[in-house]
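What follows is a short report on a single structure.
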Amino acid sequence: MLILFAGLGFWAIGYGLDPHAVDLSNRLAGPSTEHPLGTDHLGRDLASRLIWGAVPSLVAIAIVLTGGLSLGIVGGGMIALGPPGLRGAVKWLAETALAVPTLVTALVLSAVFGASPLTVALALLATSWAPYALTVAALFDRIRGEPYWRASEALGVRTATAVQRHMLPNAWPALGALAGADAGRAVILVASLGFIGLSADTGRPEWGGMIHEYRMFLFTEPRLILAPIVACTLVCVLLHGALDPSGRRGSRL
């Protein structure tokens, strides 16, 4: 997906499609060879704005799939395999983070640090790890009762090695499905925050900001608002299909 958007970005540059170029003489023009999706109310190319508007969503996906998933696996391992005091503390922290909606966290951080993409990144990182941690802990607890895990313990295999060989491969089908849904949720969250003006710089294209800007053309020029909405939907569906391995291989659980 990253390669696809990068390729579309280079294509837009090659054809000179500047998302910021205003051409009032060509405002609200329909699709053409020069402008594949037409232009908006300021004569800006809609296709280039849609392509470059994907950047905040791709950053949010990267945060969820790297930071959130990594912290969640580490936290889940602490809950399932750590000493009793650490287990209780990490579990309480994960349950607390899960109870607070990400949107509320983003609003609080925006009030403290100001509205910016960094605020959205911090909100995603602060809340996205919690469901992974609790899911990993539950899966690890179940795997600990399996014969192959007990055999590895009896053979004296290091815990870290056994987790890498047995726990993570068997937990990944469930984690992959959760990651796909969570990455799609991150896209929707970034668009929602952009819609209310908390994540997007008004001078740069962003899908949520575009939906807010084009909402007044819902009935006269519906293609303007439908373009970012369809883009969000397609990205969410593709992420869920790409990261959910349940349809391709079974779990040993």
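Here, A, B, ... name the chains of the structure tokens in the order displayed, residue numbers run from 1 inside each chain, and ligands are numbered from 1 in the same displayed order.
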
Using only C-alpha atoms, determine which residues lie at most 9 Å from A:Cys232, disregarding the query and same-chain residues fewer than 3 positions distant; provide the list as a short mmCIF file (atom, residue, chain, number, x, y, z; two decimals) with N, CA and C atoms, in the first residue's frame.
```cif
data_model
loop_
_atom_site.label_atom_id
_atom_site.label_comp_id
_atom_site.auth_asym_id
_atom_site.auth_seq_id
_atom_site.Cartn_x
_atom_site.Cartn_y
_atom_site.Cartn_z
N ALA A 54 -3.24 11.33 1.84
CA ALA A 54 -3.08 10.02 2.47
C ALA A 54 -1.92 9.99 3.45
N SER A 57 -2.70 9.60 7.21
CA SER A 57 -3.25 8.27 7.49
C SER A 57 -2.17 7.21 7.47
N GLY A 184 -7.22 0.29 10.55
CA GLY A 184 -8.35 0.96 9.92
C GLY A 184 -8.98 1.99 10.86
N VAL A 187 -7.01 5.17 10.76
CA VAL A 187 -7.32 5.99 9.60
C VAL A 187 -8.58 6.82 9.85
N ILE A 188 -9.61 6.17 10.39
CA ILE A 188 -10.86 6.87 10.68
C ILE A 188 -10.64 7.94 11.75
N ALA A 191 -8.90 10.95 10.26
CA ALA A 191 -9.86 11.69 9.45
C ALA A 191 -10.85 12.46 10.33
N TRP A 207 -7.49 13.91 4.38
CA TRP A 207 -8.81 13.40 4.05
C TRP A 207 -9.91 13.96 4.94
N ALA A 227 -14.86 11.48 -2.70
CA ALA A 227 -13.50 11.01 -2.98
C ALA A 227 -12.74 10.67 -1.70
N PRO A 228 -12.62 11.56 -0.71
CA PRO A 228 -11.91 11.17 0.52
C PRO A 228 -12.64 10.12 1.33
N ILE A 229 -13.97 10.12 1.29
CA ILE A 229 -14.72 9.10 2.02
C ILE A 229 -14.45 7.72 1.45
N VAL A 235 -9.01 2.04 2.11
CA VAL A 235 -7.80 1.78 2.91
C VAL A 235 -8.14 0.87 4.09
N CYS A 236 -9.25 1.13 4.77
CA CYS A 236 -9.64 0.29 5.91
C CYS A 236 -9.90 -1.15 5.47
N VAL A 237 -10.61 -1.33 4.36
CA VAL A 237 -10.90 -2.69 3.87
C VAL A 237 -9.62 -3.41 3.46
#
```

Give me the residues within 10 Å of A:Gly72 as a ChimeraX atom specification, counting only C-alpha atoms and dropping any in the same chain fewer than 5 places off.
/A:66-67,77-78,94,127-137

Residues near stretch 158-165 of chain A, anyone? I mean within 10 Å using only C-alpha atoms, not counting same-chain ones fewer than 2 positions away, as a PyMOL selection string.
chain A and resi 77+81+140+143-144+148-149+152-153+155-156+167-170

Atoms to include: C-alpha atoms. Write the selected residues as a tab-separated table (two decimals), in the first residue's frame.
```
chain	number	residue	atom	x	y	z
A	77	GLY	CA	4.32	-10.73	27.76
A	81	LEU	CA	5.02	-14.13	32.15
A	140	PHE	CA	-0.06	-16.48	26.07
A	143	ILE	CA	-0.56	-21.36	25.08
A	144	ARG	CA	1.20	-22.02	28.39
A	148	TYR	CA	4.72	-28.06	23.26
A	149	TRP	CA	5.14	-25.17	25.70
A	152	SER	CA	10.08	-26.51	25.96
A	153	GLU	CA	10.09	-25.66	29.67
A	155	LEU	CA	13.97	-29.05	28.06
A	156	GLY	CA	15.24	-25.85	29.63
A	167	MET	CA	3.84	-18.13	21.38
A	168	LEU	CA	4.16	-15.42	18.74
A	169	PRO	CA	3.55	-17.66	15.68
A	170	ASN	CA	0.44	-19.14	17.29
```

Mind running stretch 202-223 of chain A against stretch 195-198 of chain A at 12 Å and telling me each contacting residue's nearest atom pair with the distance in Å (one decimal), counting only C-alpha atoms, chain and number ascending, as CSV?
```
residue,atom,partner,partner_atom,distance
A:Thr202,CA,A:Gly197,CA,8.0
A:Gly203,CA,A:Gly197,CA,11.7
A:Arg204,CA,A:Gly197,CA,11.9
A:Pro205,CA,A:Phe195,CA,11.6
A:Glu206,CA,A:Phe195,CA,9.0
A:Trp207,CA,A:Phe195,CA,8.1
A:Gly208,CA,A:Phe195,CA,4.4
A:Gly209,CA,A:Phe195,CA,4.8
A:Met210,CA,A:Phe195,CA,7.6
A:Ile211,CA,A:Phe195,CA,6.6
A:His212,CA,A:Phe195,CA,5.2
A:Glu213,CA,A:Phe195,CA,8.4
A:Tyr214,CA,A:Phe195,CA,10.5
A:Arg215,CA,A:Phe195,CA,10.1
```

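Put simply, atom CA of A:Arg223 is 26.2 Å away from atom CA of A:Gly241.
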
At a cut-off of 8 Å, using only C-alpha atoms, what residues contact A:Gly38? Leave out same-chain residues fewer than 5 positions from it and give the result as a PyMOL selection string.
chain A and resi 28-32+45-47

Output file for the selection above: C-alpha atoms, as a PDB file, in the first residue's frame:
```
ATOM      1  CA  LEU A  28     -15.428  22.781 -10.192  1.00  0.00           C
ATOM      2  CA  ALA A  29     -14.306  21.303 -13.501  1.00  0.00           C
ATOM      3  CA  GLY A  30     -15.287  17.720 -14.205  1.00  0.00           C
ATOM      4  CA  PRO A  31     -12.882  14.811 -14.752  1.00  0.00           C
ATOM      5  CA  SER A  32     -10.577  15.212 -17.718  1.00  0.00           C
ATOM      6  CA  ASP A  45      -6.627  19.223  -8.690  1.00  0.00           C
ATOM      7  CA  LEU A  46      -8.710  16.759  -6.661  1.00  0.00           C
ATOM      8  CA  ALA A  47      -6.628  13.693  -7.528  1.00  0.00           C
TER       9      ALA A  47
END
```
